[in-house]
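> Input structure: entry29.cif, which contains mmCIF, C-alpha atoms (C1' of nucleotides).
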data_target
loop_
_atom_site.label_atom_id
_atom_site.label_comp_id
_atom_site.auth_asym_id
_atom_site.auth_seq_id
_atom_site.Cartn_x
_atom_site.Cartn_y
_atom_site.Cartn_z
CA MET T 30 -34.59 -36.27 3.09
CA ALA T 31 -32.20 -34.54 5.40
CA ARG T 32 -30.41 -31.23 5.28
CA SER T 33 -32.10 -29.00 2.77
CA GLN T 34 -31.31 -29.56 -0.85
CA ALA T 35 -30.87 -25.83 -1.25
CA GLU T 36 -28.04 -25.88 1.25
CA LYS T 37 -26.33 -28.70 -0.55
CA ASP T 38 -26.59 -26.91 -3.86
CA ALA T 39 -25.19 -23.78 -2.28
CA SER T 40 -22.25 -25.73 -0.88
CA HIS T 41 -21.71 -27.37 -4.23
CA ARG T 42 -21.60 -24.05 -6.00
CA ARG T 43 -19.24 -22.59 -3.42
CA ILE T 44 -16.82 -25.50 -3.83
CA VAL T 45 -16.86 -25.35 -7.61
CA LYS T 46 -16.51 -21.59 -7.65
CA ALA T 47 -13.53 -21.65 -5.32
CA ALA T 48 -11.92 -24.40 -7.39
CA ALA T 49 -12.55 -22.56 -10.65
CA ALA T 50 -10.89 -19.43 -9.31
CA GLN T 51 -7.87 -21.25 -7.92
CA ILE T 52 -7.41 -23.29 -11.08
CA ARG T 53 -7.27 -20.15 -13.19
CA ARG T 54 -4.81 -18.52 -10.81
CA ASP T 55 -2.52 -21.39 -9.82
CA GLY T 56 -3.34 -24.28 -12.11
CA VAL T 57 -5.05 -27.61 -11.69
CA ASP T 58 -2.39 -29.28 -9.58
CA ALA T 59 -2.48 -26.51 -6.99
CA VAL T 60 -5.99 -27.50 -5.97
CA LYS T 61 -5.90 -29.59 -2.77
CA VAL T 62 -9.13 -31.16 -1.60
CA ALA T 63 -8.77 -30.27 2.09
CA GLU T 64 -7.65 -26.72 1.44
CA LEU T 65 -10.41 -26.21 -1.09
CA MET T 66 -13.12 -27.35 1.31
CA ARG T 67 -11.71 -25.02 3.95
CA GLU T 68 -12.02 -22.12 1.50
CA ALA T 69 -15.63 -23.11 0.95
CA GLY T 70 -16.25 -23.02 4.70
CA LEU T 71 -16.39 -26.79 5.09
CA THR T 72 -14.11 -29.64 6.08
CA HIS T 73 -12.70 -32.27 3.78
CA GLY T 74 -15.08 -34.96 4.98
CA GLY T 75 -18.12 -34.01 2.98
CA PHE T 76 -16.25 -33.77 -0.27
CA TYR T 77 -17.38 -37.14 -1.59
CA ARG T 78 -21.03 -36.28 -1.06
CA HIS T 79 -20.54 -33.86 -3.97
CA PHE T 80 -17.96 -35.46 -6.26
CA SER T 81 -17.01 -39.02 -6.98
CA SER T 82 -13.35 -38.09 -7.10
CA ARG T 83 -10.99 -35.15 -7.29
CA GLU T 84 -10.79 -35.60 -11.05
CA ASP T 85 -14.54 -35.25 -11.24
CA LEU T 86 -14.37 -31.91 -9.45
CA ILE T 87 -11.56 -30.67 -11.69
CA ASP T 88 -13.59 -31.41 -14.79
CA GLU T 89 -16.63 -29.61 -13.43
CA ALA T 90 -14.59 -26.67 -12.17
CA ILE T 91 -12.88 -26.16 -15.52
CA ASP T 92 -16.26 -26.34 -17.20
CA ALA T 93 -17.56 -23.73 -14.75
CA ALA T 94 -14.55 -21.48 -15.30
CA LEU T 95 -15.14 -21.57 -19.03
CA THR T 96 -18.89 -21.06 -18.86
CA ASP T 97 -18.40 -18.25 -16.38
CA GLY T 98 -16.30 -16.36 -18.90
CA SER T 99 -18.97 -16.53 -21.56
CA ARG T 100 -21.28 -14.32 -19.54
CA ARG T 101 -18.67 -11.59 -19.62
CA ALA T 102 -18.26 -11.95 -23.37
CA ASP T 103 -21.99 -11.81 -23.98
CA THR T 104 -22.56 -8.52 -22.20
CA GLY T 105 -22.89 -5.34 -24.20
CA GLU T 106 -25.15 -5.95 -27.16
CA SER T 107 -24.03 -2.72 -28.70
CA GLN T 108 -25.53 -1.44 -31.95
CA ASP T 109 -22.15 -0.49 -33.37
CA PRO T 110 -20.17 -3.63 -34.26
CA GLY T 111 -16.97 -1.68 -34.75
CA ALA T 112 -17.15 -0.07 -31.33
CA GLU T 113 -18.04 -3.36 -29.72
CA LEU T 114 -15.13 -5.14 -31.34
CA ALA T 115 -12.77 -2.41 -30.15
CA GLN T 116 -14.21 -2.72 -26.69
CA ILE T 117 -13.71 -6.48 -26.60
CA ILE T 118 -10.11 -6.12 -27.74
CA ASP T 119 -9.27 -3.47 -25.16
CA GLY T 120 -10.97 -5.36 -22.38
CA TYR T 121 -9.29 -8.62 -23.20
CA VAL T 122 -5.76 -7.42 -23.80
CA SER T 123 -5.78 -5.25 -20.69
CA LYS T 124 -3.58 -5.07 -17.60
CA ALA T 125 -6.60 -5.74 -15.41
CA HIS T 126 -7.30 -8.98 -17.26
CA ARG T 127 -3.66 -9.98 -17.21
CA ASP T 128 -3.36 -9.34 -13.48
CA ASN T 129 -6.57 -11.11 -12.43
CA PRO T 130 -6.64 -14.51 -14.05
CA GLN T 131 -8.87 -15.91 -11.30
CA VAL T 132 -11.80 -13.92 -12.72
CA GLY T 133 -10.58 -13.73 -16.31
CA CYS T 134 -11.14 -15.72 -19.46
CA ALA T 135 -10.34 -19.38 -19.00
CA VAL T 136 -9.50 -19.83 -22.67
CA ALA T 137 -6.37 -17.79 -22.05
CA ALA T 138 -5.70 -19.07 -18.55
CA LEU T 139 -6.10 -22.82 -19.05
CA PRO T 140 -5.02 -24.02 -22.48
CA THR T 141 -2.30 -26.33 -21.17
CA ASP T 142 -4.34 -27.52 -18.19
CA VAL T 143 -7.27 -28.38 -20.42
CA SER T 144 -5.05 -30.30 -22.83
CA ARG T 145 -4.25 -32.68 -19.98
CA SER T 146 -7.74 -32.84 -18.48
CA GLY T 147 -10.87 -34.90 -18.95
CA SER T 148 -13.32 -34.91 -21.81
CA ARG T 149 -15.81 -32.62 -20.12
CA ALA T 150 -13.19 -29.89 -19.72
CA ARG T 151 -11.95 -30.23 -23.28
CA HIS T 152 -15.48 -30.19 -24.61
CA ALA T 153 -16.29 -27.05 -22.67
CA TYR T 154 -13.11 -25.45 -23.97
CA SER T 155 -14.07 -26.22 -27.55
CA ARG T 156 -17.54 -24.84 -27.05
CA GLN T 157 -16.12 -21.66 -25.63
CA VAL T 158 -13.68 -21.22 -28.50
CA ARG T 159 -16.51 -21.64 -30.99
CA ARG T 160 -18.56 -19.02 -29.15
CA TYR T 161 -15.73 -16.53 -29.29
CA ILE T 162 -15.12 -17.16 -32.98
CA ASP T 163 -18.80 -16.82 -33.84
CA ARG T 164 -19.07 -13.64 -31.84
CA LEU T 165 -16.03 -12.13 -33.54
CA VAL T 166 -17.29 -13.16 -36.98
CA GLY T 167 -20.40 -11.12 -36.27
CA LEU T 168 -18.39 -8.04 -35.45
CA ILE T 169 -15.77 -8.01 -38.16
CA ARG T 170 -16.31 -5.98 -41.31
CA GLN T 171 -15.16 -7.87 -44.33
CA ALA T 172 -16.60 -8.68 -47.72
CA GLU T 173 -15.79 -12.36 -48.05
CA PRO T 174 -17.35 -14.64 -45.40
CA ASP T 175 -14.36 -16.95 -45.52
CA THR T 176 -11.93 -14.10 -45.07
CA LYS T 177 -14.06 -12.78 -42.27
CA ARG T 178 -13.78 -16.06 -40.43
CA ASP T 179 -10.03 -16.10 -40.95
CA GLU T 180 -9.88 -12.70 -39.34
CA ALA T 181 -12.01 -13.80 -36.41
CA VAL T 182 -9.76 -16.77 -35.68
CA LEU T 183 -6.66 -14.65 -36.00
CA THR T 184 -8.12 -12.13 -33.59
CA LEU T 185 -8.93 -14.79 -31.01
CA SER T 186 -5.50 -16.41 -31.37
CA ALA T 187 -3.81 -13.07 -30.85
CA LEU T 188 -5.93 -12.14 -27.83
CA VAL T 189 -5.28 -15.45 -26.13
CA GLY T 190 -1.60 -15.58 -26.99
CA ALA T 191 -0.96 -12.01 -25.89
CA VAL T 192 -2.56 -12.47 -22.48
CA ALA T 193 -0.83 -15.80 -21.91
CA MET T 194 2.60 -14.43 -22.79
CA SER T 195 2.11 -11.20 -20.88
CA ARG T 196 1.53 -13.28 -17.74
CA ALA T 197 4.62 -15.41 -18.18
CA VAL T 198 7.06 -12.68 -18.99
CA ASP T 199 9.38 -11.34 -16.31
CA ASP T 200 9.87 -7.77 -17.51
CA PRO T 201 6.88 -5.49 -16.76
CA GLU T 202 7.69 -3.26 -19.72
CA LEU T 203 7.78 -6.17 -22.13
CA SER T 204 4.54 -7.46 -20.65
CA ASP T 205 2.83 -4.12 -21.19
CA GLU T 206 4.27 -3.87 -24.67
CA ILE T 207 2.86 -7.24 -25.70
CA LEU T 208 -0.62 -6.16 -24.67
CA ALA T 209 -0.42 -2.67 -26.15
CA ARG T 210 1.05 -3.61 -29.52
CA THR T 211 -1.28 -6.55 -29.98
CA ALA T 212 -4.19 -4.19 -29.37
CA ASN T 213 -2.72 -1.60 -31.73
CA ALA T 214 -2.32 -4.03 -34.56
CA LEU T 215 -5.79 -5.51 -34.11
CA HIS T 216 -7.38 -2.07 -34.00
CA ARG T 217 -5.51 -0.98 -37.11
CA ARG T 218 -6.58 -4.10 -38.95
CA ALA T 219 -10.21 -3.61 -37.99
CA HIS T 220 -10.05 0.02 -39.05
CA GLU T 221 -8.53 -0.77 -42.44
CA ALA T 222 -11.12 -3.43 -43.12
CA ALA T 223 -13.84 -0.95 -42.26
CA GLY T 224 -12.44 1.32 -44.91
CA MET D 21 38.74 -36.32 -8.76
CA ALA D 22 36.59 -39.36 -9.23
CA ARG D 23 34.26 -40.54 -12.00
CA SER D 24 35.01 -38.65 -15.15
CA GLN D 25 33.65 -35.14 -15.36
CA ALA D 26 32.55 -35.85 -18.90
CA GLU D 27 30.28 -38.63 -17.66
CA LYS D 28 28.73 -36.38 -15.07
CA ASP D 29 28.06 -33.70 -17.66
CA ALA D 30 26.53 -36.26 -19.95
CA SER D 31 24.25 -37.47 -17.16
CA HIS D 32 23.33 -33.91 -16.32
CA ARG D 33 22.38 -33.17 -19.89
CA ARG D 34 20.37 -36.35 -20.16
CA ILE D 35 18.41 -35.51 -17.03
CA VAL D 36 17.70 -31.95 -18.11
CA LYS D 37 16.78 -33.00 -21.63
CA ALA D 38 14.34 -35.62 -20.39
CA ALA D 39 12.82 -33.12 -17.97
CA ALA D 40 12.51 -30.44 -20.64
CA ALA D 41 10.69 -32.81 -22.95
CA GLN D 42 8.32 -34.07 -20.30
CA ILE D 43 7.57 -30.58 -19.05
CA ARG D 44 6.56 -29.47 -22.52
CA ARG D 45 4.39 -32.53 -23.00
CA ASP D 46 2.81 -33.02 -19.58
CA GLY D 47 3.60 -29.94 -17.55
CA VAL D 48 5.84 -29.16 -14.61
CA ASP D 49 3.90 -31.08 -12.00
CA ALA D 50 4.08 -34.30 -14.00
CA VAL D 51 7.83 -34.46 -13.50
CA LYS D 52 8.67 -36.95 -10.72
CA VAL D 53 12.27 -37.18 -9.58
CA ALA D 54 12.50 -40.97 -9.44
CA GLU D 55 10.75 -41.49 -12.75
CA LEU D 56 12.85 -38.84 -14.41
CA MET D 57 16.10 -40.42 -13.26
CA ARG D 58 14.89 -43.76 -14.52
CA GLU D 59 14.26 -42.21 -17.94
CA ALA D 60 17.81 -40.89 -17.86
CA GLY D 61 19.11 -44.39 -17.15
CA LEU D 62 19.93 -43.69 -13.50
CA THR D 63 18.37 -44.19 -10.10
CA HIS D 64 16.95 -41.46 -7.90
CA GLY D 65 19.91 -41.51 -5.54
CA GLY D 66 22.29 -39.44 -7.54
CA PHE D 67 19.82 -36.69 -8.20
CA TYR D 68 21.17 -34.35 -5.55
CA ARG D 69 24.66 -34.53 -6.99
CA HIS D 70 23.25 -32.52 -9.89
CA PHE D 71 20.57 -30.28 -8.40
CA SER D 72 20.06 -28.74 -4.99
CA SER D 73 16.33 -29.40 -5.19
CA ARG D 74 13.57 -30.38 -7.57
CA GLU D 75 12.72 -26.71 -8.04
CA ASP D 76 16.27 -26.11 -9.16
CA LEU D 77 15.95 -28.75 -11.85
CA ILE D 78 12.61 -27.36 -13.02
CA ASP D 79 14.09 -23.92 -13.46
CA GLU D 80 17.02 -25.27 -15.44
CA ALA D 81 14.84 -27.57 -17.53
CA ILE D 82 12.47 -24.77 -18.50
CA ASP D 83 15.42 -22.63 -19.40
CA ALA D 84 16.76 -25.47 -21.53
CA ALA D 85 13.40 -26.02 -23.21
CA LEU D 86 13.25 -22.35 -24.16
CA THR D 87 16.84 -22.12 -25.33
CA ASP D 88 16.41 -25.30 -27.32
CA GLY D 89 13.60 -23.73 -29.30
CA SER D 90 15.70 -20.75 -30.31
CA ARG D 91 17.97 -22.94 -32.40
CA ARG D 92 15.02 -23.98 -34.50
CA ALA D 93 13.97 -20.37 -34.99
CA ASP D 94 17.44 -19.27 -36.00
CA THR D 95 17.82 -21.76 -38.82
CA GLY D 96 17.30 -20.68 -42.38
CA GLU D 97 19.02 -17.33 -42.96
CA SER D 98 17.14 -16.95 -46.19
CA GLN D 99 17.73 -14.01 -48.50
CA ASP D 100 14.03 -13.42 -49.06
CA PRO D 101 12.40 -12.01 -45.91
CA GLY D 102 8.92 -12.59 -47.23
CA ALA D 103 9.52 -16.24 -47.96
CA GLU D 104 11.23 -16.72 -44.64
CA LEU D 105 8.33 -15.16 -42.75
CA ALA D 106 5.88 -17.39 -44.59
CA GLN D 107 8.00 -20.38 -43.75
CA ILE D 108 8.11 -19.50 -40.06
CA ILE D 109 4.35 -19.07 -39.95
CA ASP D 110 3.64 -22.37 -41.68
CA GLY D 111 6.13 -24.24 -39.55
CA TYR D 112 4.82 -22.83 -36.31
CA VAL D 113 1.11 -23.12 -36.92
CA SER D 114 1.40 -26.66 -38.20
CA LYS D 115 -0.13 -29.97 -37.19
CA ALA D 116 3.32 -31.41 -36.63
CA HIS D 117 4.13 -28.65 -34.15
CA ARG D 118 0.76 -28.99 -32.46
CA ASP D 119 1.11 -32.75 -32.09
CA ASN D 120 4.68 -32.78 -30.80
CA PRO D 121 4.94 -30.30 -27.95
CA GLN D 122 7.84 -32.21 -26.41
CA VAL D 123 10.10 -30.97 -29.20
CA GLY D 124 8.20 -27.79 -30.01
CA CYS D 125 8.41 -24.16 -29.02
CA ALA D 126 8.30 -23.71 -25.27
CA VAL D 127 6.83 -20.21 -25.58
CA ALA D 128 3.61 -21.82 -26.75
CA ALA D 129 3.84 -24.90 -24.53
CA LEU D 130 4.70 -23.33 -21.18
CA PRO D 131 3.15 -19.90 -20.65
CA THR D 132 1.15 -20.92 -17.59
CA ASP D 133 3.87 -23.12 -16.14
CA VAL D 134 6.41 -20.34 -16.46
CA SER D 135 4.07 -17.86 -14.77
CA ARG D 136 4.24 -20.03 -11.66
CA SER D 137 7.93 -20.89 -11.85
CA GLY D 138 11.19 -19.42 -10.63
CA SER D 139 12.99 -16.32 -11.80
CA ARG D 140 15.37 -18.19 -14.06
CA ALA D 141 12.51 -19.71 -16.02
CA ARG D 142 10.67 -16.42 -16.33
CA HIS D 143 13.81 -14.64 -17.39
CA ALA D 144 14.51 -17.24 -20.06
CA TYR D 145 10.92 -16.91 -21.27
CA SER D 146 11.26 -13.13 -21.59
CA ARG D 147 14.53 -13.47 -23.47
CA GLN D 148 12.93 -15.91 -25.86
CA VAL D 149 9.93 -13.67 -26.49
CA ARG D 150 12.25 -10.77 -27.29
CA ARG D 151 14.20 -12.91 -29.72
CA TYR D 152 11.03 -13.90 -31.55
CA ILE D 153 9.84 -10.32 -31.74
CA ASP D 154 13.16 -9.04 -33.00
CA ARG D 155 13.36 -11.78 -35.58
CA LEU D 156 9.84 -11.02 -36.83
CA VAL D 157 10.53 -7.28 -36.94
CA GLY D 158 13.37 -8.03 -39.31
CA LEU D 159 11.13 -9.98 -41.64
CA ILE D 160 8.04 -7.80 -41.81
CA ARG D 161 7.61 -5.28 -44.61
CA GLN D 162 6.18 -2.07 -43.32
CA ALA D 163 7.06 1.58 -43.66
CA GLU D 164 6.73 2.79 -40.06
CA PRO D 165 9.12 1.14 -37.58
CA ASP D 166 6.56 1.44 -34.81
CA THR D 167 3.86 -0.15 -36.91
CA LYS D 168 6.28 -2.85 -37.94
CA ARG D 169 6.89 -3.73 -34.31
CA ASP D 170 3.15 -3.80 -33.64
CA GLU D 171 2.82 -6.29 -36.46
CA ALA D 172 5.63 -8.43 -35.13
CA VAL D 173 4.06 -8.66 -31.68
CA LEU D 174 0.66 -9.40 -33.16
CA THR D 175 2.17 -12.17 -35.25
CA LEU D 176 3.86 -13.76 -32.27
CA SER D 177 0.72 -13.50 -30.14
CA ALA D 178 -1.32 -15.17 -32.85
CA LEU D 179 1.19 -17.96 -33.43
CA VAL D 180 1.40 -18.77 -29.73
CA GLY D 181 -2.32 -18.47 -29.10
CA ALA D 182 -3.26 -20.60 -32.08
CA VAL D 183 -0.97 -23.47 -31.15
CA ALA D 184 -2.03 -23.35 -27.50
CA MET D 185 -5.74 -23.41 -28.34
CA SER D 186 -5.37 -26.04 -31.02
CA ARG D 187 -3.86 -28.35 -28.42
CA ALA D 188 -6.62 -27.82 -25.87
CA VAL D 189 -9.57 -28.18 -28.20
CA ASP D 190 -11.48 -31.44 -28.35
CA ASP D 191 -12.73 -31.36 -31.92
CA PRO D 192 -10.04 -32.24 -34.51
CA GLU D 193 -11.74 -30.17 -37.18
CA LEU D 194 -11.87 -27.10 -34.98
CA SER D 195 -8.24 -27.66 -34.05
CA ASP D 196 -7.20 -27.80 -37.68
CA GLU D 197 -9.32 -24.78 -38.48
CA ILE D 198 -7.64 -22.66 -35.82
CA LEU D 199 -4.25 -23.42 -37.29
CA ALA D 200 -5.26 -23.00 -40.92
CA ARG D 201 -7.20 -19.76 -40.52
CA THR D 202 -4.59 -18.15 -38.34
CA ALA D 203 -2.01 -18.97 -41.01
CA ASN D 204 -4.30 -17.65 -43.75
CA ALA D 205 -4.88 -14.34 -42.03
CA LEU D 206 -1.20 -13.85 -41.20
CA HIS D 207 -0.17 -14.63 -44.78
CA ARG D 208 -2.75 -12.25 -46.18
CA ARG D 209 -1.62 -9.53 -43.84
CA ALA D 210 2.02 -10.00 -44.83
CA HIS D 211 1.10 -10.00 -48.50
CA GLU D 212 -0.92 -6.79 -48.27
CA ALA D 213 1.85 -5.04 -46.39
CA ALA D 214 4.28 -6.09 -49.08
CA GLY D 215 2.02 -4.44 -51.61
"C1'" DT Y 29 49.83 -49.66 -8.01
"C1'" DA Y 30 47.80 -47.60 -3.82
"C1'" DT Y 31 45.01 -43.89 -2.39
"C1'" DT Y 32 41.48 -40.77 -2.66
"C1'" DT Y 33 37.27 -38.70 -3.92
"C1'" DA Y 34 33.01 -38.04 -5.82
"C1'" DA Y 35 29.12 -40.18 -9.01
"C1'" DG Y 36 25.77 -43.15 -8.53
"C1'" DA Y 37 22.99 -47.12 -6.01
"C1'" DT Y 38 20.27 -48.64 -2.12
"C1'" DG Y 39 17.24 -47.94 1.26
"C1'" DA Y 40 14.74 -45.36 4.52
"C1'" DC Y 41 12.08 -41.35 6.63
"C1'" DG Y 42 8.68 -37.61 6.91
"C1'" DT Y 43 5.22 -35.26 4.96
"C1'" DG Y 44 1.30 -34.25 2.28
"C1'" DT Y 45 -2.76 -35.75 0.12
"C1'" DG Y 46 -6.67 -38.53 -1.91
"C1'" DT Y 47 -9.83 -41.60 -0.17
"C1'" DC Y 48 -12.88 -43.87 2.92
"C1'" DA Y 49 -15.20 -45.56 7.43
"C1'" DT Y 50 -17.65 -43.76 11.12
"C1'" DC Y 51 -20.15 -40.59 13.91
"C1'" DC Y 52 -22.99 -36.49 14.60
"C1'" DT Y 53 -26.90 -33.44 13.52
"C1'" DC Y 54 -30.72 -31.44 11.79
"C1'" DA Y 55 -34.51 -30.91 8.19
"C1'" DA Y 56 -38.17 -33.40 6.02
"C1'" DT Y 57 -41.90 -36.71 6.54
"C1'" DG Y 58 -45.55 -39.46 9.14
"C1'" DC E 24 -43.49 -35.09 18.25
"C1'" DA E 25 -40.83 -39.24 16.87
"C1'" DT E 26 -38.38 -41.14 13.13
"C1'" DT E 27 -35.26 -41.23 9.51
"C1'" DG E 28 -31.94 -40.28 6.20
"C1'" DA E 29 -28.53 -37.64 4.15
"C1'" DG E 30 -25.01 -33.53 4.56
"C1'" DG E 31 -21.17 -32.55 6.95
"C1'" DA E 32 -17.37 -33.40 10.73
"C1'" DT E 33 -13.70 -36.23 12.66
"C1'" DG E 34 -10.19 -39.22 12.27
"C1'" DA E 35 -7.46 -42.66 10.14
"C1'" DC E 36 -5.22 -45.29 6.31
"C1'" DA E 37 -2.48 -46.07 2.15
"C1'" DC E 38 0.36 -44.46 -0.94
"C1'" DA E 39 3.39 -41.41 -3.50
"C1'" DC E 40 6.96 -38.33 -3.59
"C1'" DG E 41 10.93 -35.25 -2.17
"C1'" DT E 42 14.81 -35.58 0.53
"C1'" DC E 43 18.74 -37.40 2.87
"C1'" DA E 44 22.17 -40.86 5.11
"C1'" DT E 45 24.99 -44.48 3.84
"C1'" DC E 46 27.39 -47.65 0.99
"C1'" DT E 47 29.73 -49.02 -3.38
"C1'" DT E 48 32.67 -48.38 -7.13
"C1'" DA E 49 35.64 -46.60 -10.51
"C1'" DA E 50 38.39 -42.65 -12.42
"C1'" DA E 51 42.10 -39.51 -11.37
"C1'" DT E 52 46.46 -38.59 -9.11
"C1'" DA E 53 51.05 -39.54 -6.90
#
Starting from the coordinates I provided, produce the structure as C-alpha cells.

Amino acid sequence: MARSQAEKDASHRRIVKAAAAQIRRDGVDAVKVAELMREAGLTHGGFYRHFSSREDLIDEAIDAALTDGSRRADTGESQDPGAELAQIIDGYVSKAHRDNPQVGCAVAALPTDVSRSGSRARHAYSRQVRRYIDRLVGLIRQAEPDTKRDEAVLTLSALVGAVAMSRAVDDPELSDEILARTANALHRRAHEAAG
Amino acid sequence: MARSQAEKDASHRRIVKAAAAQIRRDGVDAVKVAELMREAGLTHGGFYRHFSSREDLIDEAIDAALTDGSRRADTGESQDPGAELAQIIDGYVSKAHRDNPQVGCAVAALPTDVSRSGSRARHAYSRQVRRYIDRLVGLIRQAEPDTKRDEAVLTLSALVGAVAMSRAVDDPELSDEILARTANALHRRAHEAAG
DNA sequence: TATTTAAGATGACGTGTGTCATCCTCAATG
DNA sequence: CATTGAGGATGACACACGTCATCTTAAATA
C-alpha cells in the first residue's frame, strides 16, 4: 500500500462534497473536472484514481446531495406532529432555503438535472421522494389513510414547486409571495384537518 | 434588400422553435449551435445573422418557450369556473404532459435553467407565473380574496412541483402516484371550498 | 436587365475540457 | 532501513464547440 487509505477517503469525500454543492448551485454542466479538483485542494491529475469518468462522479455527487438532505429532514423528532409539520413547512419554503441551494434540499434543486442523469442519481432521487412522503404521512392529521397520503404528496409537490419557482423568478416581491402564500395555504390546510 | 425578409423571419422562427423544444426536453446546455441549425434545415454559418451570440438565442428561446405555453393555458374560456379549474389540473398533472416536456409548460420544465439564465428569460418566467396565478385566482371559489390568492399560489406550486418530480423519479409507479395524488388533493380542496 | 445587398454556405481558428501517459513521493510492509 | 506500490502532480493530446472571415447566390430595386 502507499499513501494512507484514510487520506484517499478524505480526498474522495472532499471532491464529492464540492461537486454536490456546485451542482445544486449551478447545475451539472457547470462542474468542470479541473476546477473541481482545485476546489478540493488537488490538481486534475488524480481525478481518475477516484472516478472512472466524469459521469461517474456526477452520479455519485447527485446521490450525495440527495442523501445529505435527508439528514436535515430527519432532525427534530418532536412529540407534536402538528408543530413538526409546521416547522418543516416554514423551514422548507423559507428565504434562507431559497437563497442557499448549495446546502438545500436537492429534490427541489435538481429535478431537471436528475431527469437527464444516470440511474444511480434517479434512484437516489426516488428514494428521497419516498422518504419525504412517508415522513409527511406520519405528520398529517387525517382520518382516511388514502386521503392522508394524497395530502402528503400534495404538500411535497407544493414545497418543491414553490422553492423552484421562487428561485427562477425575477421579481423579489413575487418570489417572496410565492413562498409566503404557499406556506399560508399549507398551514391553513393542516389546521383545518386538525379540526 | 436581398433574400426575402419573409424567408429570414421563417428561418428565425424555425431556429427559435427548435431551440425552445430542445431546451425543454434536454436543458439549455444541450443546445449546440451547429446541431440546432441543422435541425432548422440550415448550416451553422448563418447563425450570426440572427443572433449576436449563443446566449442571445438562449434568452429568446426560453422566452418563446414560456410564451408558447401561455396559449395553451388561455384556451377554453368555459362558463363554469369549477369545471375549468378541474380541467386545468387534470391537463397539467397528466402523464401526457409529464412525458412530453418539449411541448409542455416551461414553468415546470425550466425553473433551474431560468435561474441561471439572462434577464429576458427570468422576466418572461415571472410574467408567466403571474399569468398562471391570476388565472387560478379567477377560478377558485373562496370568500376571502387574500385566502383565494393563497390557494392559487399553492395550486400552481403543487402543479409545477408534481410534474417536475414525476419526471425525475425512476420508478414509474411512484411517478404516476405523484401525479394522481396531487390531482386528488387539489380536486378535493376545490370541492370543499365550493361547499 | 444590371446592380446591389444581405442570407446562407464553407471552412478555419482558438479555446476549453475530458481523458490519459508519465513522473514524483511517501506510507506501508519485510 | 530498503523496497514497493499507489495517490497525486505535471504535461500533453484529441475533440467539440462558439465564433468569425470569406465566398456564393438570389431577391429587391432602378
> Might I get the box with edges along x, y and z of the file that holds all atoms of region 28-39 of chain E listed there, padded by 8 Å on every side, given as centre and edge lengths in Å to one decimal, as lines of an AutoDock Vina configuration file?

center_x = -14.3
center_y = -39.3
center_z = 4.6
size_x = 51.3
size_y = 29.5
size_z = 32.2
> Taking the file as shown, find all residues satisfying the PyMOL selection byres ((chain D) within 7 of (chain T)) and write them as an mmCIF file with C-alpha atoms, in the coordinates of the input.

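What ended up in part02.cif:
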data_model
loop_
_atom_site.group_PDB
_atom_site.id
_atom_site.type_symbol
_atom_site.label_atom_id
_atom_site.label_comp_id
_atom_site.auth_asym_id
_atom_site.auth_seq_id
_atom_site.Cartn_x
_atom_site.Cartn_y
_atom_site.Cartn_z
ATOM 1 C CA ASP D 49 3.900 -31.080 -12.000
ATOM 2 C CA PRO D 131 3.150 -19.900 -20.650
ATOM 3 C CA THR D 132 1.150 -20.920 -17.590
ATOM 4 C CA VAL D 134 6.410 -20.340 -16.460
ATOM 5 C CA SER D 135 4.070 -17.860 -14.770
ATOM 6 C CA ARG D 142 10.670 -16.420 -16.330
ATOM 7 C CA HIS D 143 13.810 -14.640 -17.390
ATOM 8 C CA TYR D 145 10.920 -16.910 -21.270
ATOM 9 C CA SER D 146 11.260 -13.130 -21.590
ATOM 10 C CA ASP D 170 3.150 -3.800 -33.640
ATOM 11 C CA GLU D 171 2.820 -6.290 -36.460
ATOM 12 C CA VAL D 173 4.060 -8.660 -31.680
ATOM 13 C CA LEU D 174 0.660 -9.400 -33.160
ATOM 14 C CA SER D 177 0.720 -13.500 -30.140
ATOM 15 C CA ALA D 178 -1.320 -15.170 -32.850
ATOM 16 C CA VAL D 180 1.400 -18.770 -29.730
ATOM 17 C CA GLY D 181 -2.320 -18.470 -29.100
ATOM 18 C CA ALA D 182 -3.260 -20.600 -32.080
ATOM 19 C CA ALA D 184 -2.030 -23.350 -27.500
ATOM 20 C CA MET D 185 -5.740 -23.410 -28.340
ATOM 21 C CA ARG D 187 -3.860 -28.350 -28.420
ATOM 22 C CA ALA D 188 -6.620 -27.820 -25.870
ATOM 23 C CA VAL D 189 -9.570 -28.180 -28.200
ATOM 24 C CA ASP D 190 -11.480 -31.440 -28.350
ATOM 25 C CA ASP D 191 -12.730 -31.360 -31.920
ATOM 26 C CA ILE D 198 -7.640 -22.660 -35.820
ATOM 27 C CA ARG D 201 -7.200 -19.760 -40.520
ATOM 28 C CA THR D 202 -4.590 -18.150 -38.340
ATOM 29 C CA ASN D 204 -4.300 -17.650 -43.750
ATOM 30 C CA ALA D 205 -4.880 -14.340 -42.030
#
> Given the file shown, determine the residues that the PyMOL selection byres ((chain Y and resi 37-45) around 8) selects; report them as a short mmCIF file (atom, residue, chain, number, x, y, z; two decimals) with C-alpha atoms (C1' of nucleotides), in the coordinates of the input.

data_model
loop_
_atom_site.label_atom_id
_atom_site.label_comp_id
_atom_site.auth_asym_id
_atom_site.auth_seq_id
_atom_site.Cartn_x
_atom_site.Cartn_y
_atom_site.Cartn_z
CA LYS T 61 -5.90 -29.59 -2.77
CA THR D 63 18.37 -44.19 -10.10
CA GLY D 65 19.91 -41.51 -5.54
CA GLY D 66 22.29 -39.44 -7.54
"C1'" DG Y 36 25.77 -43.15 -8.53
"C1'" DG Y 46 -6.67 -38.53 -1.91
"C1'" DC E 46 27.39 -47.65 0.99
"C1'" DT E 47 29.73 -49.02 -3.38
#
> Report as a VMD selection string the full result of the PyMOL selection byres ((chain T) within 12 of (chain Y)) when it is applied to this structure.
chain T and resid 30 to 36 58 to 64 73 to 78 80 to 84
> What are the closest atom pairs, with distances in Å to one decimal, for each residue of chain E lying within 8 Å of chain D, using only C-alpha atoms (C1' of nucleotides), rows by chain and rising residue number, as a tab-separated table?

residue	atom	partner	partner_atom	distance
E:DC40	C1'	D:Lys52	CA	7.5
E:DG41	C1'	D:Arg74	CA	7.7
E:DA49	C1'	D:Arg23	CA	6.4
E:DA50	C1'	D:Arg23	CA	4.7
E:DA51	C1'	D:Met21	CA	5.3
> Between D:Ala214, D:Leu156, D:Ala38, D:Cys125, which one has atoms that come closest to Glu80 (chain D), using only C-alpha atoms?
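Checking each of D:Ala214, D:Leu156, D:Ala38, D:Cys125 against Glu80 (chain D), counting only C-alpha atoms, the winner is D:Ala38.
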